[in-house]
file work_24.cif (mmCIF, C-alpha atoms)
data_final
#
loop_
_atom_site.group_PDB
_atom_site.id
_atom_site.type_symbol
_atom_site.label_atom_id
_atom_site.label_comp_id
_atom_site.auth_asym_id
_atom_site.auth_seq_id
_atom_site.Cartn_x
_atom_site.Cartn_y
_atom_site.Cartn_z
ATOM 1 C CA MET A 1 -25.768 63.143 51.523
ATOM 2 C CA ALA A 2 -25.312 60.058 53.622
ATOM 3 C CA LYS A 3 -22.172 59.938 55.687
ATOM 4 C CA LEU A 4 -19.195 58.158 54.140
ATOM 5 C CA LYS A 5 -18.012 55.138 56.040
ATOM 6 C CA LEU A 6 -15.128 52.743 55.723
ATOM 7 C CA GLU A 7 -17.618 50.078 54.615
ATOM 8 C CA ASP A 8 -18.423 52.220 51.586
ATOM 9 C CA LEU A 9 -14.842 51.721 50.558
ATOM 10 C CA GLU A 10 -15.481 47.998 50.259
ATOM 11 C CA LYS A 11 -18.248 48.700 47.764
ATOM 12 C CA ILE A 12 -15.952 51.047 45.873
ATOM 13 C CA ARG A 13 -13.306 48.338 45.892
ATOM 14 C CA GLU A 14 -15.534 45.843 44.116
ATOM 15 C CA LYS A 15 -16.647 48.419 41.591
ATOM 16 C CA VAL A 16 -13.120 49.593 40.877
ATOM 17 C CA ARG A 17 -11.349 46.246 40.835
ATOM 18 C CA GLY A 18 -12.630 45.269 37.438
ATOM 19 C CA THR A 19 -11.572 48.511 35.838
ATOM 20 C CA THR A 20 -8.106 48.790 37.367
ATOM 21 C CA ILE A 21 -5.204 48.057 35.096
ATOM 22 C CA LEU A 22 -2.753 45.842 36.901
ATOM 23 C CA ARG A 23 0.452 47.704 37.535
ATOM 24 C CA GLU A 24 2.577 44.774 36.357
ATOM 25 C CA GLY A 25 1.346 45.600 32.895
ATOM 26 C CA GLY A 26 3.070 48.943 33.294
ATOM 27 C CA SER A 27 1.602 52.378 33.446
ATOM 28 C CA ARG A 28 1.765 54.892 30.643
ATOM 29 C CA ALA A 29 3.639 57.483 32.653
ATOM 30 C CA LYS A 30 4.940 58.503 36.041
ATOM 31 C CA VAL A 31 4.877 62.092 37.217
ATOM 32 C CA THR A 32 7.014 62.967 40.242
ATOM 33 C CA VAL A 33 6.262 66.246 41.994
ATOM 34 C CA HIS A 34 9.246 67.499 44.001
ATOM 35 C CA MET A 35 8.051 67.962 47.567
ATOM 36 C CA GLY A 36 11.021 69.403 49.470
ATOM 37 C CA THR A 37 10.687 72.458 51.721
ATOM 38 C CA CYS A 38 11.489 74.677 48.732
ATOM 39 C CA GLY A 39 8.922 72.988 46.508
ATOM 40 C CA ILE A 40 6.202 73.076 49.175
ATOM 41 C CA ALA A 41 6.832 76.752 49.951
ATOM 42 C CA SER A 42 6.513 77.646 46.279
ATOM 43 C CA GLY A 43 3.354 75.705 45.498
ATOM 44 C CA ALA A 44 4.169 72.026 44.902
ATOM 45 C CA ARG A 45 1.088 70.839 46.801
ATOM 46 C CA ASN A 46 -1.100 72.771 44.443
ATOM 47 C CA ILE A 47 0.672 71.191 41.446
ATOM 48 C CA MET A 48 0.010 67.751 42.951
ATOM 49 C CA SER A 49 -3.663 68.528 43.603
ATOM 50 C CA THR A 50 -4.102 69.906 40.083
ATOM 51 C CA LEU A 51 -2.721 66.677 38.631
ATOM 52 C CA LEU A 52 -4.896 64.475 40.842
ATOM 53 C CA ASP A 53 -8.003 66.503 39.953
ATOM 54 C CA GLU A 54 -7.255 66.212 36.260
ATOM 55 C CA ILE A 55 -6.700 62.458 36.528
ATOM 56 C CA GLU A 56 -9.991 62.130 38.375
ATOM 57 C CA LYS A 57 -11.871 64.353 35.946
ATOM 58 C CA ARG A 58 -10.654 62.438 32.904
ATOM 59 C CA GLU A 59 -10.808 59.053 34.659
ATOM 60 C CA ILE A 60 -7.251 58.169 33.702
ATOM 61 C CA LYS A 61 -6.081 54.914 35.185
ATOM 62 C CA ASP A 62 -2.550 54.395 33.925
ATOM 63 C CA VAL A 63 -0.652 57.435 35.149
ATOM 64 C CA ILE A 64 1.171 57.289 38.483
ATOM 65 C CA VAL A 65 1.666 60.490 40.448
ATOM 66 C CA THR A 66 4.206 60.438 43.224
ATOM 67 C CA THR A 67 6.419 62.785 45.252
ATOM 68 C CA SER A 68 10.113 63.148 45.945
ATOM 69 C CA GLY A 69 12.410 65.449 47.896
ATOM 70 C CA CYS A 70 14.388 68.507 46.864
ATOM 71 C CA ALA A 71 16.283 68.108 43.599
ATOM 72 C CA GLY A 72 18.836 70.798 44.503
ATOM 73 C CA LEU A 73 17.474 73.556 42.284
ATOM 74 C CA CYS A 74 15.322 75.324 44.847
ATOM 75 C CA SER A 75 15.047 78.581 42.904
ATOM 76 C CA ARG A 76 13.300 76.802 40.028
ATOM 77 C CA GLU A 77 10.570 75.159 42.135
ATOM 78 C CA PRO A 78 7.877 73.975 41.788
ATOM 79 C CA MET A 79 9.360 71.209 39.690
ATOM 80 C CA ALA A 80 8.069 67.917 38.358
ATOM 81 C CA THR A 81 9.654 65.036 36.479
ATOM 82 C CA VAL A 82 7.751 63.216 33.746
ATOM 83 C CA GLU A 83 8.778 59.696 32.771
ATOM 84 C CA LEU A 84 7.148 57.936 29.882
ATOM 85 C CA GLN A 85 7.800 54.268 29.343
ATOM 86 C CA ASP A 86 11.171 53.667 27.616
ATOM 87 C CA GLN A 87 12.009 57.368 27.506
ATOM 88 C CA PRO A 88 14.442 59.425 29.573
ATOM 89 C CA PRO A 89 12.923 61.479 32.415
ATOM 90 C CA ILE A 90 12.187 65.137 31.670
ATOM 91 C CA LYS A 91 12.359 67.793 34.405
ATOM 92 C CA TYR A 92 9.996 70.737 34.250
ATOM 93 C CA VAL A 93 10.619 73.921 36.253
ATOM 94 C CA ASP A 94 8.853 77.082 37.503
ATOM 95 C CA LEU A 95 5.506 75.304 37.342
ATOM 96 C CA THR A 96 2.066 76.828 37.698
ATOM 97 C CA GLU A 97 -1.366 75.235 37.451
ATOM 98 C CA GLU A 98 -1.637 76.229 33.775
ATOM 99 C CA LYS A 99 1.813 74.868 32.937
ATOM 100 C CA ILE A 100 1.268 71.502 34.604
ATOM 101 C CA LEU A 101 -2.098 71.112 32.852
ATOM 102 C CA LYS A 102 -0.432 71.782 29.512
ATOM 103 C CA ILE A 103 2.379 69.333 30.334
ATOM 104 C CA PHE A 104 -0.166 66.732 31.423
ATOM 105 C CA ASP A 105 -2.125 67.133 28.241
ATOM 106 C CA GLU A 106 0.703 67.335 25.728
ATOM 107 C CA HIS A 107 3.492 65.279 27.294
ATOM 108 C CA VAL A 108 1.978 62.806 29.763
ATOM 109 C CA LEU A 109 -1.008 61.948 27.572
ATOM 110 C CA GLY A 110 0.221 63.115 24.159
ATOM 111 C CA GLY A 111 3.855 62.010 24.321
ATOM 112 C CA LYS A 112 5.242 65.334 23.148
ATOM 113 C CA VAL A 113 7.717 67.185 25.414
ATOM 114 C CA VAL A 114 6.662 70.755 26.256
ATOM 115 C CA GLN A 115 9.985 72.369 25.377
ATOM 116 C CA GLU A 116 9.365 75.828 26.807
ATOM 117 C CA HIS A 117 9.049 74.602 30.410
ATOM 118 C CA VAL A 118 11.869 72.044 30.377
ATOM 119 C CA LEU A 119 14.859 72.643 32.654
ATOM 120 C CA GLY A 120 17.309 71.801 29.914
ATOM 121 C CA VAL A 121 17.452 69.703 26.805
ATOM 122 C CA GLY A 122 20.530 67.823 25.679
ATOM 123 C CA SER A 123 23.742 67.084 27.539
ATOM 124 C CA GLU A 124 27.247 68.501 27.645
ATOM 125 C CA THR A 125 30.132 66.579 26.115
ATOM 126 C CA THR A 126 32.786 65.356 28.484
ATOM 127 C CA TYR A 127 35.835 65.999 26.277
ATOM 128 C CA MET B 1 4.928 78.796 54.547
ATOM 129 C CA GLN B 2 1.482 80.333 54.422
ATOM 130 C CA GLU B 3 -0.376 77.505 56.115
ATOM 131 C CA LEU B 4 0.289 75.162 59.019
ATOM 132 C CA SER B 5 -0.807 72.314 56.771
ATOM 133 C CA LEU B 6 2.163 73.089 54.486
ATOM 134 C CA HIS B 7 4.532 72.786 57.448
ATOM 135 C CA ILE B 8 2.893 69.435 58.262
ATOM 136 C CA LEU B 9 3.453 68.244 54.685
ATOM 137 C CA ASP B 10 7.079 69.346 54.863
ATOM 138 C CA ILE B 11 7.833 67.712 58.223
ATOM 139 C CA VAL B 12 6.150 64.439 57.227
ATOM 140 C CA GLU B 13 8.264 64.402 54.055
ATOM 141 C CA ASN B 14 11.290 64.565 56.408
ATOM 142 C CA SER B 15 9.933 61.532 58.272
ATOM 143 C CA ILE B 16 9.554 59.649 55.011
ATOM 144 C CA ILE B 17 13.111 60.475 53.948
ATOM 145 C CA ALA B 18 14.209 59.242 57.397
ATOM 146 C CA GLY B 19 12.778 55.840 56.486
ATOM 147 C CA ALA B 20 9.649 55.949 58.662
ATOM 148 C CA LYS B 21 6.999 53.315 57.989
ATOM 149 C CA ASP B 22 4.435 54.587 60.503
ATOM 150 C CA ILE B 23 3.718 58.276 60.910
ATOM 151 C CA GLY B 24 1.130 59.802 63.207
ATOM 152 C CA ILE B 25 -0.195 63.332 62.927
ATOM 153 C CA LYS B 26 -2.183 64.720 65.843
ATOM 154 C CA ILE B 27 -3.798 68.130 65.821
ATOM 155 C CA ARG B 28 -5.492 69.388 68.949
ATOM 156 C CA GLU B 29 -7.425 72.603 69.169
ATOM 157 C CA ASP B 30 -8.491 73.724 72.605
ATOM 158 C CA LEU B 31 -10.366 76.976 72.297
ATOM 159 C CA ASN B 32 -10.811 77.419 76.062
ATOM 160 C CA LYS B 33 -7.084 77.201 76.613
ATOM 161 C CA ASP B 34 -6.572 79.208 73.394
ATOM 162 C CA GLN B 35 -4.157 76.588 72.160
ATOM 163 C CA LEU B 36 -3.473 74.684 68.957
ATOM 164 C CA SER B 37 -0.926 71.903 68.980
ATOM 165 C CA ILE B 38 0.494 69.724 66.262
ATOM 166 C CA GLU B 39 2.359 66.518 66.990
ATOM 167 C CA ILE B 40 4.126 64.476 64.331
ATOM 168 C CA LYS B 41 5.554 61.153 65.413
ATOM 169 C CA ASP B 42 7.525 58.785 63.218
ATOM 170 C CA ASN B 43 9.482 55.552 63.509
ATOM 171 C CA GLY B 44 12.239 56.658 61.152
ATOM 172 C CA LYS B 45 15.947 56.376 61.779
ATOM 173 C CA GLY B 46 15.986 59.147 64.408
ATOM 174 C CA MET B 47 18.787 61.521 65.233
ATOM 175 C CA ASP B 48 21.496 61.501 67.863
ATOM 176 C CA LYS B 49 21.727 64.226 70.471
ATOM 177 C CA GLU B 50 24.283 66.325 68.620
ATOM 178 C CA VAL B 51 22.114 66.483 65.505
ATOM 179 C CA VAL B 52 18.951 67.332 67.477
ATOM 180 C CA GLU B 53 20.761 70.278 69.044
ATOM 181 C CA LYS B 54 21.740 71.660 65.664
ATOM 182 C CA VAL B 55 18.660 70.831 63.666
ATOM 183 C CA LEU B 56 16.778 74.074 64.333
ATOM 184 C CA ASP B 57 19.666 76.104 62.981
ATOM 185 C CA PRO B 58 18.679 77.089 59.418
ATOM 186 C CA PHE B 59 22.309 76.799 58.359
ATOM 187 C CA TYR B 60 22.489 73.180 59.387
ATOM 188 C CA THR B 61 21.453 70.301 57.142
ATOM 189 C CA THR B 62 22.370 66.660 56.784
ATOM 190 C CA ARG B 63 22.251 67.070 53.031
ATOM 191 C CA THR B 64 25.401 67.487 51.055
ATOM 192 C CA THR B 65 23.845 69.060 47.956
ATOM 193 C CA ARG B 66 23.238 72.426 49.636
ATOM 194 C CA LYS B 67 24.109 74.205 52.830
ATOM 195 C CA VAL B 68 20.775 75.222 54.321
ATOM 196 C CA GLY B 69 18.005 73.189 55.913
ATOM 197 C CA LEU B 70 14.928 75.271 56.440
ATOM 198 C CA GLY B 71 12.030 72.921 57.111
ATOM 199 C CA LEU B 72 12.241 72.450 60.884
ATOM 200 C CA SER B 73 13.621 75.912 61.572
ATOM 201 C CA LEU B 74 10.733 77.546 59.688
ATOM 202 C CA PHE B 75 8.198 75.520 61.662
ATOM 203 C CA ALA B 76 9.901 76.340 64.972
ATOM 204 C CA GLU B 77 9.962 80.025 64.045
ATOM 205 C CA ALA B 78 6.232 79.895 63.241
ATOM 206 C CA THR B 79 5.513 78.711 66.809
ATOM 207 C CA ARG B 80 7.760 81.355 68.362
ATOM 208 C CA ARG B 81 6.137 84.251 66.571
ATOM 209 C CA SER B 82 2.675 83.154 67.649
ATOM 210 C CA ASN B 83 3.430 82.772 71.332
ATOM 211 C CA GLY B 84 3.912 79.015 71.241
ATOM 212 C CA ASN B 85 6.783 76.611 71.518
ATOM 213 C CA PHE B 86 8.490 73.799 69.687
ATOM 214 C CA THR B 87 10.152 70.622 70.907
ATOM 215 C CA ILE B 88 11.871 67.692 69.253
ATOM 216 C CA ASN B 89 12.456 64.334 70.862
ATOM 217 C CA SER B 90 14.468 61.861 68.911
ATOM 218 C CA THR B 91 16.107 58.533 69.578
ATOM 219 C CA LYS B 92 18.509 56.974 67.146
ATOM 220 C CA GLU B 93 17.023 53.903 65.409
ATOM 221 C CA GLU B 94 13.634 54.502 67.066
ATOM 222 C CA GLY B 95 12.172 57.667 65.636
ATOM 223 C CA THR B 96 11.407 61.298 66.109
ATOM 224 C CA THR B 97 8.507 63.191 67.634
ATOM 225 C CA ILE B 98 8.021 66.871 67.137
ATOM 226 C CA GLN B 99 5.547 68.957 69.032
ATOM 227 C CA ALA B 100 4.516 72.450 67.953
ATOM 228 C CA THR B 101 2.125 74.578 69.965
ATOM 229 C CA PHE B 102 0.546 77.895 69.057
ATOM 230 C CA GLN B 103 -1.654 80.463 70.724
ATOM 231 C CA HIS B 104 -4.871 79.725 68.823
ATOM 232 C CA SER B 105 -6.076 83.325 68.575
ATOM 233 C CA ASN B 106 -2.676 84.870 67.876
ATOM 234 C CA ILE B 107 -2.822 87.188 64.891
ATOM 235 C CA ASP B 108 0.500 85.834 63.618
ATOM 236 C CA ARG B 109 -0.592 82.193 63.760
ATOM 237 C CA GLN B 110 -0.937 80.882 60.228
ATOM 238 C CA PRO B 111 -4.276 79.235 59.411
ATOM 239 C CA LEU B 112 -4.321 75.451 59.314
ATOM 240 C CA GLY B 113 -5.177 75.820 55.633
ATOM 241 C CA ASN B 114 -5.879 72.991 53.255
ATOM 242 C CA ILE B 115 -5.103 69.991 55.448
ATOM 243 C CA ILE B 116 -7.063 67.750 53.066
ATOM 244 C CA ASP B 117 -4.696 68.510 50.171
ATOM 245 C CA THR B 118 -1.763 67.853 52.493
ATOM 246 C CA MET B 119 -3.131 64.469 53.550
ATOM 247 C CA VAL B 120 -4.108 63.429 50.017
ATOM 248 C CA THR B 121 -0.649 64.433 48.733
ATOM 249 C CA LEU B 122 1.012 62.386 51.476
ATOM 250 C CA ILE B 123 -1.236 59.366 51.039
ATOM 251 C CA ILE B 124 -1.069 59.208 47.239
ATOM 252 C CA GLY B 125 2.629 60.088 47.092
ATOM 253 C CA ASN B 126 3.563 57.437 49.657
ATOM 254 C CA PRO B 127 1.037 54.608 49.542
ATOM 255 C CA GLU B 128 3.412 52.179 51.277
ATOM 256 C CA ILE B 129 3.536 54.241 54.473
ATOM 257 C CA ASN B 130 0.973 53.930 57.254
ATOM 258 C CA LEU B 131 -0.302 57.376 58.072
ATOM 259 C CA SER B 132 -2.629 58.082 60.913
ATOM 260 C CA TYR B 133 -4.453 61.358 61.359
ATOM 261 C CA TYR B 134 -6.148 62.505 64.515
ATOM 262 C CA HIS B 135 -7.850 65.863 64.944
ATOM 263 C CA LYS B 136 -9.514 67.006 68.127
ATOM 264 C CA ARG B 137 -11.338 70.305 68.409
ATOM 265 C CA ASP B 138 -12.649 70.903 71.917
ATOM 266 C CA ASP B 139 -14.774 67.836 72.697
ATOM 267 C CA LEU B 140 -15.111 66.477 69.176
ATOM 268 C CA ASP B 141 -12.604 64.417 67.288
ATOM 269 C CA PHE B 142 -11.956 62.767 63.946
ATOM 270 C CA SER B 143 -9.396 60.149 62.994
ATOM 271 C CA LEU B 144 -8.337 58.223 59.928
ATOM 272 C CA ASN B 145 -5.705 55.578 59.454
ATOM 273 C CA THR B 146 -4.398 54.570 56.038
ATOM 274 C CA SER B 147 -3.697 51.012 57.151
ATOM 275 C CA GLU B 148 -7.471 50.627 57.671
ATOM 276 C CA LEU B 149 -8.094 52.106 54.242
ATOM 277 C CA LYS B 150 -5.625 49.703 52.663
ATOM 278 C CA LYS B 151 -7.174 46.764 54.475
ATOM 279 C CA ALA B 152 -10.632 47.710 53.224
ATOM 280 C CA LEU B 153 -9.297 48.182 49.698
ATOM 281 C CA ASP B 154 -7.710 44.716 49.671
ATOM 282 C CA GLY B 155 -5.210 45.330 46.903
ATOM 283 C CA VAL B 156 -7.023 48.035 44.977
ATOM 284 C CA PRO B 157 -4.489 50.889 44.823
ATOM 285 C CA LEU B 158 -4.989 54.019 46.942
ATOM 286 C CA ASP B 159 -4.328 56.248 43.964
ATOM 287 C CA ASN B 160 -7.282 55.007 41.937
ATOM 288 C CA PRO B 161 -9.229 58.188 41.099
ATOM 289 C CA VAL B 162 -12.433 56.840 42.674
ATOM 290 C CA VAL B 163 -10.555 56.017 45.862
ATOM 291 C CA VAL B 164 -8.907 59.452 45.932
ATOM 292 C CA ARG B 165 -12.352 61.028 45.708
ATOM 293 C CA PHE B 166 -13.530 58.856 48.594
ATOM 294 C CA ILE B 167 -10.525 59.823 50.758
ATOM 295 C CA ARG B 168 -11.161 63.522 50.092
ATOM 296 C CA GLY B 169 -14.821 63.024 50.951
ATOM 297 C CA ILE B 170 -14.228 61.205 54.210
ATOM 298 C CA PHE B 171 -11.765 63.883 55.360
ATOM 299 C CA LYS B 172 -14.081 66.713 54.379
ATOM 300 C CA GLU B 173 -17.072 65.225 56.165
ATOM 301 C CA GLY B 174 -15.086 64.224 59.228
ATOM 302 C CA LEU B 175 -13.467 67.616 59.632
ATOM 303 C CA GLU B 176 -16.652 69.559 58.995
ATOM 304 C CA GLU B 177 -18.351 67.470 61.644
ATOM 305 C CA ILE B 178 -15.875 68.604 64.281
ATOM 306 C CA GLY B 179 -16.090 72.226 63.136
ATOM 307 C CA VAL B 180 -12.923 72.468 61.041
ATOM 308 C CA ASN B 181 -13.481 73.990 57.618
ATOM 309 C CA SER B 182 -10.616 76.281 56.912
ATOM 310 C CA TRP B 183 -9.696 75.205 53.381
#
call {"tool": "encode", "arguments": {"input": "work_24.cif", "output": "structure tokens"}}
result
Amino acid sequence: MAKLKLEDLEKIREKVRGTTILREGGSRAKVTVHMGTCGIASGARNIMSTLLDEIEKREIKDVIVTTSGCAGLCSREPMATVELQDQPPIKYVDLTEEKILKIFDEHVLGGKVVQEHVLGVGSETTY
Amino acid sequence: MQELSLHILDIVENSIIAGAKDIGIKIREDLNKDQLSIEIKDNGKGMDKEVVEKVLDPFYTTRTTRKVGLGLSLFAEATRRSNGNFTINSTKEEGTTIQATFQHSNIDRQPLGNIIDTMVTLIIGNPEINLSYYHKRDDLDFSLNTSELKKALDGVPLDNPVVVRFIRGIFKEGLEEIGVNSW
């Protein structure tokens, strides 16, 4: 294989530009992988790589994957938060490769929350 | 942490939380001197002297949500147990540089591990930050700078799947060329 060079990126740019959905139009979903010390030590990087591989494999162009710090629940890491447009964010805990693939398939792409891996559903009343 | 590349990911996340816009990672492997060193330099908000003195204590953190801060202390401990050393230089409002050295052949030195996954995670998770990577192994070196990538992409986002594949490829080739293939 010929060696990759920065100039190759310019070719990629022209090829990709036409197919890229402009972000102003909004993306379907945002997935935030928690990347604090606790998350990293328990496998968050692998969760991130699994997501990026899946996005690449399926050529999905409207899902944003990003990272954040520790959410304060270190014992439940790796964690990720899924936000679909106009819906409240959902936090998933104790993730593995299999779990994040299921969440990606059913929630991120399918719109259906994967209840069994959610941190908690519902809220307490204040009075 | 099982890999040095996980420590790097962790420390760079600290830099990002400290508001850094430019972060440089330098890895130098000198097999004759039996040394591996990792330098991470950022232009984040920095720390004052009192904080720097306390920051390697695992029971010190600037966070208020919990009482331990393990990232830097784990990295420092990793250098100590493999016959190396660890220094932090920080100036308030200017930035922080950490330097970790290891005895290359030490049996307790963690492997570098999957540095490509670390870099891709950092680049895709923080596209607005300029990350530079430099890796020297004996006489050969490899470097990559995300500001050059962004310039070449001219508005096409870094997290486009085709671009991510390219970034992985350029790292893999570059590192293999200098004899690094530990992932």
call {"tool": "closest_residue", "arguments": {"input": "work_24.cif", "among": "B:Arg168, B:Ser132, B:Asp139, B:Arg80", "to": "B:Gln110", "atoms": "all atoms listed in the file"}}
result
B:Arg80
call {"tool": "interface_residues", "arguments": {"input": "work_24.cif", "of": "chain A", "to": "chain B", "cutoff": "9 Å", "atoms": "all atoms listed in the file", "output": "MDAnalysis selection string"}}
result
chainID A and resid 3:10 12:14 16:17 20 32:33 35:38 40:42 45:46 48:49 52:53 55:57 59:61 64:69 71:72
call {"tool": "resolve_selection", "arguments": {"input": "work_24.cif", "expression": "the PyMOL selection byres ((chain B and resi 51-56) around 12)", "output": "PyMOL selection string"}}
result
chain B and resi 46-50+57-63+68-77+86-92+95-98
call {"tool": "atom_distance", "arguments": {"input": "work_24.cif", "atom1": "atom CA of A:Leu95", "atom2": "atom CA of B:Ser5"}}
result
20.6 Å
call {"tool": "resolve_selection", "arguments": {"input": "work_24.cif", "expression": "the PyMOL selection byres ((chain A and resi 106-114) around 12)", "output": "VMD selection string"}}
result
chain A and resid 27 to 32 51 54 to 55 58 60 to 65 80 to 93 99 to 105 115 to 121
call {"tool": "resolve_selection", "arguments": {"input": "work_24.cif", "expression": "the PyMOL selection byres ((chain B and resi 179) around 12)", "output": "list of chain:residue names"}}
result
B:Glu29, B:Leu31, B:His135, B:Lys136, B:Arg137, B:Asp138, B:Asp139, B:Leu140, B:Asp141, B:Phe142, B:Lys172, B:Glu173, B:Gly174, B:Leu175, B:Glu176, B:Glu177, B:Ile178, B:Val180, B:Asn181, B:Ser182
call {"tool": "atom_distance", "arguments": {"input": "work_24.cif", "atom1": "atom CA of B:Ser82", "atom2": "atom CA of A:Ile47"}}
result
28.9 Å
call {"tool": "residues_around", "arguments": {"input": "work_24.cif", "residues": "B:Ile23", "least_positions_apart": "3", "cutoff": "7 Å", "atoms": "only C-alpha atoms", "output": "number ranges by chain"}}
result
B: 20, 41-43, 130-132
call {"tool": "atom_distance", "arguments": {"input": "work_24.cif", "atom1": "atom CA of B:Ala100", "atom2": "atom CA of B:Ile38"}}
result
5.1 Å
call {"tool": "closest_residue", "arguments": {"input": "work_24.cif", "among": "B:Ile8, B:Asp22, B:Ser147, B:Gly84", "to": "B:Met119", "atoms": "all atoms listed in the file"}}
result
B:Ile8
call {"tool": "closest_residue", "arguments": {"input": "work_24.cif", "among": "B:Ile107, B:Ile116, B:Leu36, B:Ile129", "to": "B:Val12", "atoms": "all atoms listed in the file"}}
result
B:Ile129
call {"tool": "build_atoms", "arguments": {"input": "work_24.cif", "residues": "stretch 44-50 of chain A", "atoms": "all heavy atoms", "output": "PDB file, keeping the file's coordinate frame"}}
result
ATOM      1  N   ALA A  44       4.175  73.397  45.425  1.00  0.00           N
ATOM      2  CA  ALA A  44       4.169  72.026  44.902  1.00  0.00           C
ATOM      3  C   ALA A  44       2.882  71.263  45.240  1.00  0.00           C
ATOM      4  O   ALA A  44       2.406  70.452  44.445  1.00  0.00           O
ATOM      5  CB  ALA A  44       5.383  71.264  45.422  1.00  0.00           C
ATOM      6  N   ARG A  45       2.305  71.568  46.425  1.00  0.00           N
ATOM      7  CA  ARG A  45       1.088  70.839  46.801  1.00  0.00           C
ATOM      8  C   ARG A  45      -0.045  71.146  45.830  1.00  0.00           C
ATOM      9  O   ARG A  45      -0.822  70.259  45.464  1.00  0.00           O
ATOM     10  CB  ARG A  45       0.688  71.210  48.230  1.00  0.00           C
ATOM     11  CG  ARG A  45      -0.404  70.312  48.800  1.00  0.00           C
ATOM     12  CD  ARG A  45      -0.868  70.761  50.159  1.00  0.00           C
ATOM     13  NE  ARG A  45      -1.533  72.044  50.102  1.00  0.00           N
ATOM     14  CZ  ARG A  45      -1.938  72.725  51.183  1.00  0.00           C
ATOM     15  NH1 ARG A  45      -1.720  72.255  52.382  1.00  0.00           N
ATOM     16  NH2 ARG A  45      -2.539  73.880  51.043  1.00  0.00           N
ATOM     17  N   ASN A  46      -0.072  72.385  45.394  1.00  0.00           N
ATOM     18  CA  ASN A  46      -1.100  72.771  44.443  1.00  0.00           C
ATOM     19  C   ASN A  46      -0.891  72.083  43.081  1.00  0.00           C
ATOM     20  O   ASN A  46      -1.857  71.703  42.408  1.00  0.00           O
ATOM     21  CB  ASN A  46      -1.073  74.296  44.285  1.00  0.00           C
ATOM     22  CG  ASN A  46      -2.338  74.811  43.671  1.00  0.00           C
ATOM     23  OD1 ASN A  46      -3.394  74.185  43.815  1.00  0.00           O
ATOM     24  ND2 ASN A  46      -2.242  75.913  42.948  1.00  0.00           N
ATOM     25  N   ILE A  47       0.367  71.896  42.691  1.00  0.00           N
ATOM     26  CA  ILE A  47       0.672  71.191  41.446  1.00  0.00           C
ATOM     27  C   ILE A  47       0.169  69.743  41.546  1.00  0.00           C
ATOM     28  O   ILE A  47      -0.472  69.213  40.645  1.00  0.00           O
ATOM     29  CB  ILE A  47       2.206  71.213  41.166  1.00  0.00           C
ATOM     30  CG1 ILE A  47       2.717  72.653  41.037  1.00  0.00           C
ATOM     31  CG2 ILE A  47       2.574  70.377  39.947  1.00  0.00           C
ATOM     32  CD1 ILE A  47       2.157  73.458  39.905  1.00  0.00           C
ATOM     33  N   MET A  48       0.445  69.130  42.706  1.00  0.00           N
ATOM     34  CA  MET A  48       0.010  67.751  42.951  1.00  0.00           C
ATOM     35  C   MET A  48      -1.523  67.652  42.897  1.00  0.00           C
ATOM     36  O   MET A  48      -2.077  66.767  42.230  1.00  0.00           O
ATOM     37  CB  MET A  48       0.524  67.332  44.342  1.00  0.00           C
ATOM     38  CG  MET A  48       0.107  65.958  44.784  1.00  0.00           C
ATOM     39  SD  MET A  48       1.280  64.725  44.203  1.00  0.00           S
ATOM     40  CE  MET A  48       0.649  63.259  45.009  1.00  0.00           C
ATOM     41  N   SER A  49      -2.200  68.574  43.570  1.00  0.00           N
ATOM     42  CA  SER A  49      -3.663  68.528  43.603  1.00  0.00           C
ATOM     43  C   SER A  49      -4.252  68.752  42.218  1.00  0.00           C
ATOM     44  O   SER A  49      -5.260  68.134  41.846  1.00  0.00           O
ATOM     45  CB  SER A  49      -4.214  69.586  44.561  1.00  0.00           C
ATOM     46  OG  SER A  49      -3.702  69.369  45.851  1.00  0.00           O
ATOM     47  N   THR A  50      -3.634  69.650  41.448  1.00  0.00           N
ATOM     48  CA  THR A  50      -4.102  69.906  40.083  1.00  0.00           C
ATOM     49  C   THR A  50      -4.014  68.636  39.244  1.00  0.00           C
ATOM     50  O   THR A  50      -4.947  68.291  38.504  1.00  0.00           O
ATOM     51  CB  THR A  50      -3.253  71.028  39.431  1.00  0.00           C
ATOM     52  OG1 THR A  50      -3.306  72.179  40.268  1.00  0.00           O
ATOM     53  CG2 THR A  50      -3.747  71.382  38.047  1.00  0.00           C
TER      54      THR A  50
END
